[in-house]
$ cat input.cif   # mmCIF, C-alpha atoms
data_start
loop_
_atom_site.label_atom_id
_atom_site.label_comp_id
_atom_site.auth_asym_id
_atom_site.auth_seq_id
_atom_site.Cartn_x
_atom_site.Cartn_y
_atom_site.Cartn_z
CA MET A 1 74.86 149.16 132.22
CA LYS A 2 77.12 150.44 134.98
CA LEU A 3 80.86 151.07 134.56
CA GLU A 4 81.72 147.84 136.48
CA GLY A 5 79.70 145.86 133.96
CA TYR A 6 81.62 147.38 131.03
CA LYS A 7 84.86 146.63 132.85
CA LEU A 8 83.96 142.95 133.05
CA VAL A 9 83.19 142.90 129.30
CA PHE A 10 86.62 144.41 128.53
CA VAL A 11 88.40 141.89 130.79
CA ALA A 12 86.54 139.00 129.11
CA VAL A 13 87.38 140.31 125.61
CA GLY A 14 91.02 140.70 126.70
CA LEU A 15 91.27 137.13 128.00
CA ILE A 16 89.61 135.62 124.93
CA GLY A 17 91.83 137.70 122.63
CA VAL A 18 95.04 136.65 124.42
CA LEU A 19 94.00 133.01 124.25
CA LEU A 20 93.27 133.28 120.52
CA ILE A 21 96.63 134.97 119.85
CA ALA A 22 98.48 132.34 121.90
CA THR A 23 96.78 129.31 120.30
CA PRO A 24 99.44 128.63 117.59
CA ALA A 25 102.28 128.73 120.13
CA LEU A 26 100.33 126.73 122.71
CA THR A 27 99.87 123.87 120.25
CA ASP A 28 103.68 123.65 119.96
CA VAL A 29 104.26 123.76 123.72
CA ILE A 30 101.37 121.70 125.08
CA ARG A 31 101.53 118.10 123.88
CA LEU A 32 98.15 116.48 124.19
CA PRO A 33 98.18 112.70 124.64
CA GLY A 34 97.92 111.06 121.22
CA GLY A 35 95.35 108.46 120.29
CA GLU A 36 95.96 104.76 119.86
CA GLN A 37 98.94 103.93 117.66
CA PHE A 38 98.41 101.23 115.08
CA SER A 39 98.89 100.14 111.48
CA GLU A 40 95.98 99.12 109.29
CA LEU A 41 95.93 96.55 106.51
CA TYR A 42 93.04 96.32 104.08
CA LEU A 43 92.03 94.50 100.94
CA LEU A 44 89.66 95.92 98.31
CA GLY A 45 88.10 94.43 95.22
CA PRO A 46 89.11 95.32 91.64
CA GLY A 47 86.85 98.42 91.67
CA ASN A 48 88.76 99.76 94.70
CA MET A 49 85.66 99.01 96.79
CA ALA A 50 85.02 96.44 99.51
CA ALA A 51 83.02 94.39 97.00
CA ASN A 52 83.43 91.94 94.11
CA TYR A 53 86.40 90.15 95.62
CA PRO A 54 87.61 87.31 93.40
CA SER A 55 86.45 84.00 94.87
CA ASN A 56 85.64 81.42 92.18
CA ILE A 57 88.73 81.25 90.04
CA VAL A 58 89.53 79.58 86.76
CA ALA A 59 93.06 78.69 85.73
CA GLY A 60 94.55 81.02 83.13
CA GLN A 61 92.42 84.04 84.02
CA ASN A 62 93.71 87.21 85.62
CA TYR A 63 92.19 88.54 88.85
CA SER A 64 93.06 91.65 90.77
CA VAL A 65 92.68 93.13 94.23
CA TYR A 66 93.89 96.32 95.86
CA VAL A 67 95.95 95.93 99.00
CA GLY A 68 96.57 98.91 101.26
CA VAL A 69 98.31 99.87 104.47
CA GLY A 70 97.74 102.88 106.73
CA ASN A 71 100.23 104.26 109.21
CA GLN A 72 98.79 105.68 112.46
CA LEU A 73 101.93 105.13 114.53
CA GLY A 74 102.89 108.75 115.15
CA SER A 75 106.06 108.52 113.06
CA SER A 76 107.22 107.19 109.69
CA ALA A 77 107.40 103.42 109.34
CA TYR A 78 109.06 100.83 107.10
CA TYR A 79 106.69 98.01 106.14
CA VAL A 80 107.09 94.69 104.37
CA LEU A 81 103.93 93.05 103.05
CA TYR A 82 104.29 89.34 102.33
CA VAL A 83 101.95 87.48 100.00
CA LYS A 84 101.59 83.76 100.80
CA PHE A 85 99.58 81.01 99.19
CA GLY A 86 98.06 77.98 100.89
CA ASN A 87 95.23 75.50 100.89
CA GLU A 88 92.44 74.96 103.41
CA THR A 89 94.66 73.03 105.83
CA ASP A 90 97.61 75.43 105.84
CA PRO A 91 97.80 77.48 109.04
CA LEU A 92 96.81 81.12 109.21
CA PRO A 93 98.77 83.52 111.44
CA ASN A 94 97.94 83.19 115.13
CA ALA A 95 96.39 86.50 116.20
CA ALA A 96 96.43 85.54 119.90
CA LEU A 97 100.13 84.68 119.93
CA GLY A 98 101.09 87.27 117.32
CA THR A 99 102.90 84.69 115.20
CA PRO A 100 102.89 84.67 111.39
CA SER A 101 101.82 81.79 109.18
CA SER A 102 104.50 79.15 108.66
CA LEU A 103 103.92 79.33 104.89
CA PRO A 104 106.91 80.71 102.97
CA PRO A 105 106.41 84.16 101.42
CA LEU A 106 106.08 84.12 97.63
CA TYR A 107 105.92 87.79 96.86
CA GLU A 108 106.61 90.95 98.84
CA TYR A 109 106.12 94.68 98.82
CA ARG A 110 108.42 97.04 100.70
CA PHE A 111 107.47 100.63 101.36
CA PHE A 112 107.75 103.55 103.74
CA ILE A 113 104.74 105.51 104.98
CA GLN A 114 104.67 108.80 106.84
CA ASP A 115 102.44 109.10 109.88
CA GLY A 116 98.80 109.54 108.91
CA MET A 117 99.37 108.46 105.31
CA ASN A 118 98.32 105.38 103.31
CA TRP A 119 99.94 103.13 100.75
CA GLU A 120 97.97 101.14 98.19
CA SER A 121 98.86 98.85 95.32
CA LEU A 122 97.07 96.68 92.76
CA LEU A 123 97.93 92.98 92.86
CA THR A 124 97.12 90.96 89.75
CA PHE A 125 97.21 87.20 90.08
CA SER A 126 96.38 84.08 88.13
CA VAL A 127 96.87 80.34 88.52
CA SER A 128 98.18 78.00 85.84
CA ASN A 129 99.31 74.41 85.51
CA ALA A 130 96.29 73.44 87.55
CA SER A 131 94.45 70.14 87.55
CA ILE A 132 91.27 68.68 89.00
CA SER A 133 90.92 64.93 89.27
CA GLY A 134 88.06 63.48 91.28
CA ASN A 135 88.30 64.81 94.82
CA ASN A 136 91.77 66.24 94.33
CA SER A 137 93.01 69.42 92.76
CA GLN A 138 96.47 70.88 92.34
CA ILE A 139 97.79 74.33 91.49
CA ASN A 140 101.39 74.25 90.36
CA THR A 141 102.03 77.83 89.30
CA LEU A 142 100.82 81.11 90.76
CA GLN A 143 101.51 84.36 88.93
CA LEU A 144 101.70 87.50 91.05
CA ASN A 145 102.10 90.82 89.22
CA GLY A 146 103.69 88.96 86.31
CA ASP A 147 106.17 86.90 88.37
CA ALA A 148 105.59 83.14 88.17
CA PHE A 149 106.06 81.09 91.35
CA ASN A 150 106.05 77.31 91.66
CA VAL A 151 103.64 76.51 94.45
CA ASP A 152 102.69 72.84 93.82
CA LYS A 153 99.76 73.19 96.16
CA PRO A 154 97.12 70.41 96.40
CA ALA A 155 93.61 70.81 97.81
CA MET A 156 91.01 68.21 98.67
CA TRP A 157 87.33 68.55 97.76
CA ASP A 158 85.53 70.14 100.67
CA SER A 159 82.06 68.56 100.75
CA ASN A 160 80.79 71.19 103.22
CA SER A 161 81.61 74.19 101.07
CA THR A 162 81.64 72.11 97.85
CA THR A 163 84.86 73.76 96.73
CA PHE A 164 88.57 73.23 96.29
CA THR A 165 89.66 75.92 98.72
CA TYR A 166 92.89 77.87 98.43
CA GLN A 167 93.87 81.04 100.23
CA LEU A 168 95.89 84.08 99.29
CA LEU A 169 97.30 85.47 102.48
CA PHE A 170 98.64 88.99 103.06
CA GLU A 171 100.83 89.51 106.13
CA LEU A 172 102.05 92.88 107.35
CA TRP A 173 105.52 93.07 108.84
CA ILE A 174 107.22 96.19 110.20
CA TYR A 175 110.81 97.27 110.74
CA ASN A 176 111.69 97.72 114.39
CA SER A 177 114.49 100.28 114.69
CA GLN A 178 115.34 99.18 118.25
CA SER A 179 116.01 95.56 117.36
CA GLY A 180 117.07 96.33 113.78
CA SER A 181 114.81 93.60 112.43
CA ILE A 182 111.56 93.23 110.51
CA LEU A 183 108.86 91.71 112.72
CA PHE A 184 105.34 90.42 112.14
CA ASN A 185 102.90 93.25 112.89
CA ASP A 186 100.01 90.93 113.80
CA ARG A 187 97.97 92.18 110.86
CA PHE A 188 96.85 89.87 108.07
CA VAL A 189 94.11 89.52 105.47
CA ASP A 190 93.03 86.23 103.94
CA LEU A 191 91.38 85.94 100.51
CA GLN A 192 89.56 82.61 100.03
CA LEU A 193 89.78 81.26 96.48
CA ASN A 194 87.77 78.36 95.07
CA LEU A 195 89.26 76.63 92.06
CA THR A 196 86.32 75.84 89.79
CA ARG A 197 87.88 75.00 86.44
CA THR A 198 91.37 74.30 85.22
CA GLU A 199 91.11 76.05 81.82
CA MET B 200 137.23 76.82 80.90
CA THR B 201 135.58 78.26 84.00
CA PHE B 202 132.27 78.40 82.19
CA GLY B 203 132.67 74.78 81.17
CA SER B 204 133.38 73.61 84.70
CA CYS B 205 130.34 75.57 85.87
CA LEU B 206 128.15 73.72 83.42
CA TYR B 207 129.28 70.31 84.57
CA SER B 208 129.76 70.77 88.28
CA GLY B 209 126.81 72.87 89.36
CA HIS B 210 129.04 74.61 91.95
CA CYS B 211 128.76 77.80 89.93
CA VAL B 212 125.01 77.95 90.48
CA PHE B 213 125.37 77.61 94.24
CA ALA B 214 128.15 80.18 94.34
CA GLN B 215 126.02 82.63 92.38
CA THR B 216 123.02 82.03 94.66
CA ASP B 217 125.16 82.67 97.75
CA GLN B 218 126.56 85.80 96.15
CA THR B 219 123.06 87.05 95.35
CA ALA B 220 121.91 86.28 98.90
CA SER B 221 124.78 88.34 100.31
CA LYS B 222 124.00 91.18 97.88
CA LEU B 223 120.37 91.11 99.02
CA GLN B 224 121.55 91.18 102.63
CA ALA B 225 123.77 94.19 101.90
CA ALA B 226 120.89 95.99 100.18
CA ASN B 227 118.58 95.23 103.11
CA THR B 228 121.13 96.57 105.59
CA ALA B 229 121.68 99.73 103.51
CA VAL B 230 117.93 100.45 103.34
CA GLU B 231 117.51 99.86 107.09
CA GLN B 232 120.44 102.15 107.89
CA ALA B 233 118.99 104.82 105.62
CA PHE B 234 115.62 104.52 107.34
CA ASN B 235 117.27 104.82 110.78
CA ALA B 236 118.91 108.06 109.59
CA VAL B 237 115.57 109.32 108.24
CA LEU B 238 113.85 108.50 111.55
CA ASP B 239 116.54 110.44 113.44
CA ALA B 240 116.05 113.40 111.10
CA GLU B 241 112.29 113.22 111.58
CA LYS B 242 112.67 113.18 115.38
CA ALA B 243 114.94 116.23 115.13
CA GLY B 244 112.11 118.04 113.32
CA ALA B 245 113.25 117.75 109.69
CA ASN B 246 110.76 117.39 106.84
CA VAL B 247 111.42 113.87 105.54
CA THR B 248 108.78 113.65 102.80
CA SER B 249 111.26 113.75 99.90
CA LEU B 250 113.66 111.43 101.74
CA LEU B 251 110.92 108.82 102.18
CA ALA B 252 110.02 109.15 98.49
CA GLN B 253 113.67 108.44 97.66
CA LEU B 254 113.73 105.49 100.05
CA ASN B 255 110.51 104.14 98.55
CA VAL B 256 112.31 103.86 95.23
CA ALA B 257 115.06 101.82 96.90
CA ALA B 258 112.54 99.69 98.80
CA GLY B 259 110.58 99.00 95.60
CA ILE B 260 113.70 97.78 93.81
CA LEU B 261 114.71 95.72 96.84
CA ALA B 262 111.30 94.03 96.88
CA GLN B 263 111.66 93.29 93.15
CA ALA B 264 115.09 91.80 93.86
CA GLU B 265 113.68 89.57 96.61
CA ASN B 266 110.83 88.48 94.30
CA SER B 267 113.23 87.75 91.45
CA TYR B 268 115.35 85.69 93.83
CA ARG B 269 112.30 83.64 94.86
CA THR B 270 111.41 82.94 91.23
CA GLY B 271 114.95 81.63 90.78
CA ASP B 272 116.22 84.55 88.69
CA SER B 273 119.42 85.17 90.64
CA ASN B 274 121.06 87.30 87.94
CA THR B 275 118.25 89.86 87.90
CA ALA B 276 118.05 89.77 91.70
CA ALA B 277 121.77 90.54 91.99
CA VAL B 278 121.57 93.46 89.56
CA GLN B 279 118.53 94.87 91.33
CA ALA B 280 120.13 94.45 94.77
CA ASP B 281 123.24 96.29 93.55
CA SER B 282 121.15 99.19 92.26
CA VAL B 283 119.58 99.67 95.71
CA LEU B 284 122.89 100.51 97.39
CA PRO B 285 123.67 103.96 95.87
CA ILE B 286 120.09 105.18 96.42
CA ALA B 287 120.09 104.06 100.06
CA GLN B 288 123.55 105.47 100.71
CA GLU B 289 122.62 108.84 99.21
CA ALA B 290 119.42 108.90 101.28
CA THR B 291 121.48 108.21 104.42
CA ILE B 292 123.80 111.16 103.72
CA VAL B 293 120.93 113.54 102.91
CA ALA B 294 119.07 112.39 106.06
CA GLN B 295 122.11 113.05 108.23
CA GLU B 296 122.45 116.55 106.74
CA ALA B 297 118.73 117.19 107.24
CA LYS B 298 119.07 116.14 110.87
CA GLN B 299 122.01 118.55 111.40
CA THR B 300 120.03 121.40 109.84
CA ALA B 301 117.00 120.58 111.98
CA VAL B 302 119.09 120.43 115.16
CA VAL B 303 120.59 123.88 114.43
CA SER B 304 117.34 125.56 113.35
CA GLY B 305 115.12 123.63 115.74
CA PRO B 306 115.37 125.98 118.76
CA ASN B 307 114.68 129.01 116.54
CA ALA B 308 111.66 127.31 115.03
CA PHE B 309 110.44 126.62 118.56
CA TRP B 310 111.05 130.04 120.11
CA PHE B 311 109.96 132.32 117.22
CA PRO B 312 106.23 131.54 117.53
CA ILE B 313 106.40 131.91 121.30
CA ALA B 314 108.16 135.30 121.04
CA PHE B 315 105.67 136.53 118.44
CA THR B 316 102.80 135.31 120.60
CA GLU B 317 104.12 137.19 123.64
CA ILE B 318 104.61 140.41 121.69
CA GLY B 319 101.19 140.04 120.06
CA ALA B 320 99.48 139.44 123.41
CA ILE B 321 101.19 142.45 125.04
CA VAL B 322 100.26 144.76 122.12
CA PHE B 323 96.67 143.48 122.24
CA VAL B 324 96.33 144.02 126.01
CA LEU B 325 97.88 147.52 125.76
CA ALA B 326 95.52 148.48 122.92
CA LEU B 327 92.54 147.15 124.84
CA PHE B 328 93.69 149.06 127.95
CA LEU B 329 93.89 152.32 125.94
CA VAL B 330 90.42 151.72 124.50
CA TRP B 331 89.17 151.03 128.02
CA ARG B 332 90.65 154.28 129.36
CA ARG B 333 89.10 156.33 126.56
CA PHE B 334 85.76 154.58 127.03
CA LYS B 335 85.86 155.11 130.79
CA ARG B 336 86.67 158.84 130.37
CA SER B 337 83.82 159.40 127.94
CA TYR B 338 81.45 157.39 130.17
CA ILE B 339 82.29 159.51 133.22
CA SER B 340 82.10 162.80 131.29
CA LYS B 341 78.69 161.78 129.91
CA LEU B 342 77.62 160.98 133.45
CA HIS B 343 78.72 164.45 134.64
CA GLU B 344 77.05 166.23 131.73
CA ALA B 345 73.79 164.45 132.30
CA LYS B 346 71.20 166.89 133.68
CA PRO B 347 69.06 165.78 136.60
CA LYS B 348 65.40 165.51 135.75
CA VAL B 349 63.05 167.67 137.78
CA ASN B 350 59.81 166.18 138.80
CA SER B 351 57.00 168.70 138.65
CA GLN B 352 54.04 168.31 140.91
#
$ encode --input "input.cif" --output "structure tokens"
Amino acid sequence: MKLEGYKLVFVAVGLIGVLLIATPALTDVIRLPGGEQFSELYLLGPGNMAANYPSNIVAGQNYSVYVGVGNQLGSSAYYVLYVKFGNETDPLPNAALGTPSSLPPLYEYRFFIQDGMNWESLLTFSVSNASISGNNSQINTLQLNGDAFNVDKPAMWDSNSTTFTYQLLFELWIYNSQSGSILFNDRFVDLQLNLTRTE
Amino acid sequence: MTFGSCLYSGHCVFAQTDQTASKLQAANTAVEQAFNAVLDAEKAGANVTSLLAQLNVAAGILAQAENSYRTGDSNTAAVQADSVLPIAQEATIVAQEAKQTAVVSGPNAFWFPIAFTEIGAIVFVLALFLVWRRFKRSYISKLHEAKPKVNSQ
């Protein structure tokens, strides 16, 4: 190889070396555009897997699910997770309009999550004071993590699905520091429950 | 006497519910203010991991208070709401201090890596230049020392 060829090799090694040395500082100075910012809400079965979700329920028995939230917003966030309970005719949140369900919240979680981190909690629930009479059923009490709530929720026999359908609804709300209020985050998960026996 | 009138009138129950609602409101406001302070500290470059852990304690109690209130247990809700306030207020103060510290040390934290990078790059280029000079000298001297081959016929 001629001297000019060696010179080119030295220049290339020099440039690569300078770039490698400057990499830590460059990451502080150059801000690459971040990805999409969002929050995630998920529901897992009792084995912390997306399987074996409670569906056919019997009054007086305990059931559990894991509910989790992930923060991919680029900064820390303050979340409120509302748990609501309804029957087959009660409205779900409107994803197109971004409006929450009109059902009143029964139970809530409040938590803060740093960017890129997750929060997860086990929710244990059971129904009691329930009755089935002909084509009508009624659940009067819902226990969530040991707290008893009067729900007095009726459900009609659904001949299509052959069930008395109830739904446990999880809605994610987030604190908006600009407006100073907690707003619906347009994220919700719905767990369908079929009351099969009263005791 | 007051207790007796409470039993018969029912006004006491409403008054207590209103009082609990206002305590819950105060606790909510305190937690939100604390979070605003933590967000400011985070934007200034402070590490807010421990602050958020502290706030999570307050938020957990606040959620319990709201749940107790919904089950109709106003007494427990009021006690829980009251216990949120000192935690949130302390978190606010610590967050404000963390923000101040981050604002003061922020420029140093920004410029130190850049300065070290510049010095490192200059030292590297100088060292490479010296190696190049030595290499070039030995290459030329080898070239001069090389004997021409004679072709015999």
$ closest_residue --input "input.cif" --among "A:Leu144, A:Met49, A:Val18, A:Ala12" --to "chain B" --atoms "all atoms listed in the file"
A:Val18
$ interface_residues --input "input.cif" --of "chain B" --to "chain A" --cutoff "6 Å" --atoms "all atoms listed in the file" --output "list of chain:residue names"
B:Asn255, B:Ala258, B:Gly259, B:Ala262, B:Asn266, B:Thr270, B:Pro312, B:Ile313, B:Thr316, B:Ala320
$ resolve_selection --input "input.cif" --expression "the PyMOL selection byres ((chain A and resi 55) around 10)" --output "list in words"
Asn52, Tyr53, Pro54, Asn56, Ile57, Val58, Tyr63, Thr165, Tyr166, Gln167, Leu191, Gln192, Leu193, Asn194, Leu195 and Thr196 of chain A
$ closest_residue --input "input.cif" --among "A:Ile16, A:Val9, A:Leu92, A:Ser126" --to "Gly146 of chain A" --atoms "all atoms listed in the file"
A:Ser126
$ resolve_selection --input "input.cif" --expression "the PyMOL selection byres ((chain A and resi 115) around 12)" --output "list of chain:residue names"
A:Gln37, A:Phe38, A:Ser39, A:Glu40, A:Val69, A:Gly70, A:Asn71, A:Gln72, A:Leu73, A:Gly74, A:Ser75, A:Ser76, A:Ala77, A:Tyr78, A:Phe112, A:Ile113, A:Gln114, A:Gly116, A:Met117, A:Asn118, A:Trp119, B:Leu238, B:Glu241, B:Val247, B:Thr248, B:Leu251
$ resolve_selection --input "input.cif" --expression "the PyMOL selection byres ((chain A and resi 41) around 9)" --output "list in words"
Ser39, Glu40, Tyr42, Leu43, Val67, Gly68, Val69, Gly70, Phe170, Glu171, Leu172, Arg187, Phe188 and Val189 of chain A
$ atom_distance --input "input.cif" --atom1 "atom CA of Glu265 of chain B" --atom2 "atom CA of Lys222 of chain B"
10.5 Å
$ residues_around --input "input.cif" --residues "Ala245 of chain B" --least-positions-apart "5" --cutoff "12 Å" --atoms "all atoms listed in the file" --output "list in words"
Ala236, Val237, Leu238, Asp239, Ala240, Leu250, Leu251, Val293, Ala294, Gln295, Glu296, Ala297, Lys298, Gln299, Thr300, Ala301, Val302, Val303, Ser304, Gly305 and Ala308 of chain B
$ atom_distance --input "input.cif" --atom1 "atom CA of Ser102 of chain A" --atom2 "atom CA of Glu36 of chain A"
29.2 Å
$ closest_residue --input "input.cif" --among "B:Val330, B:Val324, B:Asn307, B:Ala314" --to "Gly244 of chain B" --atoms "all atoms listed in the file"
B:Asn307
$ atom_distance --input "input.cif" --atom1 "atom CA of Gln279 of chain B" --atom2 "atom CA of Leu223 of chain B"
8.8 Å
$ closest_residue --input "input.cif" --among "B:Asn235, B:Ser340, B:Ser267, B:Gln218" --to "Leu254 of chain B" --atoms "all atoms listed in the file"
B:Asn235
$ residues_around --input "input.cif" --residues "Asn274 of chain B" --least-positions-apart "2" --cutoff "12 Å" --atoms "only C-alpha atoms" --output "compact mmCIF listing (two decimals) with C-alpha atoms, keeping the file's coordinate frame"
# COMPACT_ATOMS: atom_id res chain seq x y z
CA VAL B 212 125.01 77.95 90.48
CA ALA B 214 128.15 80.18 94.34
CA GLN B 215 126.02 82.63 92.38
CA THR B 216 123.02 82.03 94.66
CA ASP B 217 125.16 82.67 97.75
CA GLN B 218 126.56 85.80 96.15
CA THR B 219 123.06 87.05 95.35
CA ALA B 220 121.91 86.28 98.90
CA LYS B 222 124.00 91.18 97.88
CA LEU B 223 120.37 91.11 99.02
CA ALA B 264 115.09 91.80 93.86
CA GLU B 265 113.68 89.57 96.61
CA SER B 267 113.23 87.75 91.45
CA TYR B 268 115.35 85.69 93.83
CA ARG B 269 112.30 83.64 94.86
CA THR B 270 111.41 82.94 91.23
CA GLY B 271 114.95 81.63 90.78
CA ASP B 272 116.22 84.55 88.69
CA ALA B 276 118.05 89.77 91.70
CA ALA B 277 121.77 90.54 91.99
CA VAL B 278 121.57 93.46 89.56
CA GLN B 279 118.53 94.87 91.33
CA ALA B 280 120.13 94.45 94.77
CA ASP B 281 123.24 96.29 93.55
$ axis_aligned_box --input "input.cif" --around "segment 56-68 of chain A" --padding-each-side "5 Å" --output "lines of an AutoDock Vina configuration file"
center_x = 91.1
center_y = 88.8
center_z = 92.2
size_x = 20.9
size_y = 30.2
size_z = 28.1
$ closest_residue --input "input.cif" --among "A:Arg197, A:Phe85, A:Leu122, A:Gly34" --to "Ser137 of chain A" --atoms "all atoms listed in the file"
A:Arg197
$ closest_residue --input "input.cif" --among "A:Ile30, A:Leu97, A:Leu103, A:Val127" --to "Gly60 of chain A" --atoms "all atoms listed in the file"
A:Val127
$ build_atoms --input "input.cif" --residues "segment 240-252 of chain B" --atoms "N, CA and C atoms" --output "mmCIF file, in the frame of the given file"
data_model
loop_
_atom_site.group_PDB
_atom_site.id
_atom_site.type_symbol
_atom_site.label_atom_id
_atom_site.label_comp_id
_atom_site.auth_asym_id
_atom_site.auth_seq_id
_atom_site.Cartn_x
_atom_site.Cartn_y
_atom_site.Cartn_z
ATOM 1 N N ALA B 240 116.304 112.059 111.655
ATOM 2 C CA ALA B 240 116.050 113.400 111.100
ATOM 3 C C ALA B 240 114.622 113.842 111.409
ATOM 4 N N GLU B 241 113.699 112.906 111.306
ATOM 5 C CA GLU B 241 112.290 113.220 111.580
ATOM 6 C C GLU B 241 112.104 113.604 113.049
ATOM 7 N N LYS B 242 112.768 112.865 113.951
ATOM 8 C CA LYS B 242 112.670 113.180 115.380
ATOM 9 C C LYS B 242 113.270 114.538 115.695
ATOM 10 N N ALA B 243 114.303 114.919 114.918
ATOM 11 C CA ALA B 243 114.940 116.230 115.130
ATOM 12 C C ALA B 243 114.087 117.369 114.566
ATOM 13 N N GLY B 244 113.024 117.009 113.831
ATOM 14 C CA GLY B 244 112.110 118.040 113.320
ATOM 15 C C GLY B 244 112.255 118.319 111.843
ATOM 16 N N ALA B 245 113.053 117.515 111.130
ATOM 17 C CA ALA B 245 113.250 117.750 109.690
ATOM 18 C C ALA B 245 112.033 117.249 108.901
ATOM 19 N N ASN B 246 111.819 117.870 107.749
ATOM 20 C CA ASN B 246 110.760 117.390 106.840
ATOM 21 C C ASN B 246 111.363 116.247 106.008
ATOM 22 N N VAL B 247 110.812 115.054 106.163
ATOM 23 C CA VAL B 247 111.420 113.870 105.540
ATOM 24 C C VAL B 247 110.595 113.331 104.365
ATOM 25 N N THR B 248 109.657 114.132 103.889
ATOM 26 C CA THR B 248 108.780 113.650 102.800
ATOM 27 C C THR B 248 109.579 113.214 101.566
ATOM 28 N N SER B 249 110.499 114.078 101.120
ATOM 29 C CA SER B 249 111.260 113.750 99.900
ATOM 30 C C SER B 249 112.226 112.593 100.162
ATOM 31 N N LEU B 250 112.742 112.531 101.393
ATOM 32 C CA LEU B 250 113.660 111.430 101.740
ATOM 33 C C LEU B 250 112.933 110.085 101.691
ATOM 34 N N LEU B 251 111.700 110.063 102.199
ATOM 35 C CA LEU B 251 110.920 108.820 102.180
ATOM 36 C C LEU B 251 110.552 108.435 100.753
ATOM 37 N N ALA B 252 110.310 109.447 99.906
ATOM 38 C CA ALA B 252 110.020 109.150 98.490
ATOM 39 C C ALA B 252 111.237 108.492 97.850
#
